[in-house]
Amino acid sequence: MSASTATSASASVNAATRKARRRSAALGVAAWVVGIGFCLPALWMVLTSFHAEADAATNPPSIAAALTLDGYRTFFGGGGGPTPWPPLVNSLAASFFSTVLVLLLALPAAYALSIRRVRKWTDVMFFFLSTKMLPVVAGLLPVYLFAKNTGLLDNIWLLVLLYTSMNLPIAVWMMQSFLADVPVSIIEAAQVDGARLPTVLRRVVAPVAGPGIAATALICFIFSWNELLFARVLTGVVAGTAPVHLTTFVTSQGLFLAQLCAASVVVSLPVLVAGYAAQDKLVQGLSLGAVK
């Protein structure tokens, strides 16, 4: 009787194991299908960038069309058009300096909201969140009038200030959750040794929360790099950014699809390189606080 019971239990366990493996395999296949589906538009953009304009404009698209580098030659000024280097440099400068300012301001703010909590800190967090509820276009006219009256139109530093203010609430929210996992004991030990607040932030909090800070910096950099609305309205020839430069491929003569795809690939590369270089820190940072 006991032997038959054990055999039945073993068979049930094996059946459950096989069912779990089939379910895991099905979920894996579904995840791959969804992942490939998300990558298909990017892969199609890359393929189209290597086609001639006539082949890129066909309907239905010609997948097996001849490959060429004409789109990239035109983007880099080979066709006699404007070169992309000033817009790329402007985007890099605006994204880099705004990200640095965001980190310098968000770190002490997150410290006050997570480790040395100020009074009514939840109200402060809600205020930061409420600043993202206003549609960006609603503040476009006041910002434009301010820039016009102060002579800051077509100035890269205006974009730095705008991107800093736009990304600061997100950075504070992210870093507050990251810094909440920093052990208070090591901060108190540093303070006992005579470390002041700037030293604690620089030598104790920043190294421990390094992955979270890296994740925050990357997200703020991506948001700044991809911003178009303010850059399109507030800049011109001098301070135009890379996304603004992409709009020049949509002209009254039509849409130059192959050139636009080539330009989009080049403009996407800095963000992809930054994400690949910081992928370890990004995964660690986004997983902080997930398991208590």
# chains A, B, ... in the order shown; residues from 1 in each chain; ligands from 1

$ select_by_dssp --residues "segment 90-260 of chain A" --states "strand (DSSP E or B)" --output "PyMOL selection string"
chain A and resi 250-251+254-255

$ residues_around --residues "Pro243 of chain A" --least-positions-apart "2" --cutoff "8 Å" --atoms "only C-alpha atoms" --output "list in words"
Trp225, Asn226, Glu227, Leu228, Thr241, His245, Leu246, Thr247 and Val267 of chain A

$ residues_around --residues "segment 186-203 of chain A" --least-positions-apart "6" --cutoff "9 Å" --atoms "only C-alpha atoms" --output "MDAnalysis selection string"
chainID A and resid 107:108 111

$ residues_around --residues "Leu229 of chain A" --least-positions-apart "2" --cutoff "10 Å" --atoms "only C-alpha atoms" --output "list in words"
Val136, Val137, Leu140, Asn226, Glu227, Ala231, Arg232, Val233, Leu234, Pro243 and Val244 of chain A

$ write_last_selection --atoms "N, CA and C atoms" --output "PDB file, in the first residue's frame"
ATOM      1  N   VAL A 136       3.612  69.540 -21.113  1.00  0.00           N
ATOM      2  CA  VAL A 136       4.769  70.351 -21.459  1.00  0.00           C
ATOM      3  C   VAL A 136       4.379  71.519 -22.356  1.00  0.00           C
ATOM      4  N   VAL A 137       3.456  71.282 -23.264  1.00  0.00           N
ATOM      5  CA  VAL A 137       3.063  72.328 -24.202  1.00  0.00           C
ATOM      6  C   VAL A 137       2.385  73.492 -23.487  1.00  0.00           C
ATOM      7  N   LEU A 140       4.938  76.103 -22.710  1.00  0.00           N
ATOM      8  CA  LEU A 140       5.802  76.495 -23.821  1.00  0.00           C
ATOM      9  C   LEU A 140       5.767  78.002 -24.068  1.00  0.00           C
ATOM     10  N   ASN A 226      16.554  63.053 -26.146  1.00  0.00           N
ATOM     11  CA  ASN A 226      15.409  62.842 -27.032  1.00  0.00           C
ATOM     12  C   ASN A 226      14.425  64.013 -27.055  1.00  0.00           C
ATOM     13  N   GLU A 227      14.607  65.018 -26.213  1.00  0.00           N
ATOM     14  CA  GLU A 227      13.639  66.109 -26.132  1.00  0.00           C
ATOM     15  C   GLU A 227      13.613  66.896 -27.440  1.00  0.00           C
ATOM     16  N   ALA A 231      13.350  72.271 -27.769  1.00  0.00           N
ATOM     17  CA  ALA A 231      14.480  72.529 -28.653  1.00  0.00           C
ATOM     18  C   ALA A 231      14.018  73.048 -30.010  1.00  0.00           C
ATOM     19  N   ARG A 232      12.885  72.555 -30.490  1.00  0.00           N
ATOM     20  CA  ARG A 232      12.383  72.988 -31.804  1.00  0.00           C
ATOM     21  C   ARG A 232      11.898  74.432 -31.758  1.00  0.00           C
ATOM     22  N   VAL A 233      11.285  74.846 -30.646  1.00  0.00           N
ATOM     23  CA  VAL A 233      10.697  76.186 -30.569  1.00  0.00           C
ATOM     24  C   VAL A 233      11.720  77.221 -30.115  1.00  0.00           C
ATOM     25  N   LEU A 234      12.615  76.848 -29.209  1.00  0.00           N
ATOM     26  CA  LEU A 234      13.495  77.825 -28.563  1.00  0.00           C
ATOM     27  C   LEU A 234      14.868  77.943 -29.207  1.00  0.00           C
ATOM     28  N   PRO A 243      17.679  66.037 -32.429  1.00  0.00           N
ATOM     29  CA  PRO A 243      16.288  65.796 -32.843  1.00  0.00           C
ATOM     30  C   PRO A 243      15.732  66.883 -33.750  1.00  0.00           C
ATOM     31  N   VAL A 244      16.125  68.135 -33.519  1.00  0.00           N
ATOM     32  CA  VAL A 244      15.682  69.211 -34.409  1.00  0.00           C
ATOM     33  C   VAL A 244      16.273  69.020 -35.794  1.00  0.00           C
TER      34      VAL A 244
END

$ atom_distance --atom1 "atom CA of Trp44 of chain A" --atom2 "atom CA of Leu257 of chain A"
11.8 Å

$ closest_residue --among "A:Ala278, A:Ala64, A:Ile36, A:Cys261" --to "Gly210 of chain A" --atoms "only C-alpha atoms"
A:Ala278

$ atom_distance --atom1 "atom CA of Val184 of chain A" --atom2 "atom CA of Pro211 of chain A"
17.9 Å

$ closest_residue --among "A:Ser114, A:Val100, A:Ala15, A:Gly71" --to "Met45 of chain A" --atoms "only C-alpha atoms"
A:Gly71

$ residues_around --residues "Leu153 of chain A" --least-positions-apart "5" --cutoff "8 Å" --atoms "only C-alpha atoms" --output "VMD selection string"
chain A and resid 144 147 to 148 158 234 to 235

$ atom_distance --atom1 "atom CA of Met125 of chain A" --atom2 "atom CA of Ala106 of chain A"
12.2 Å
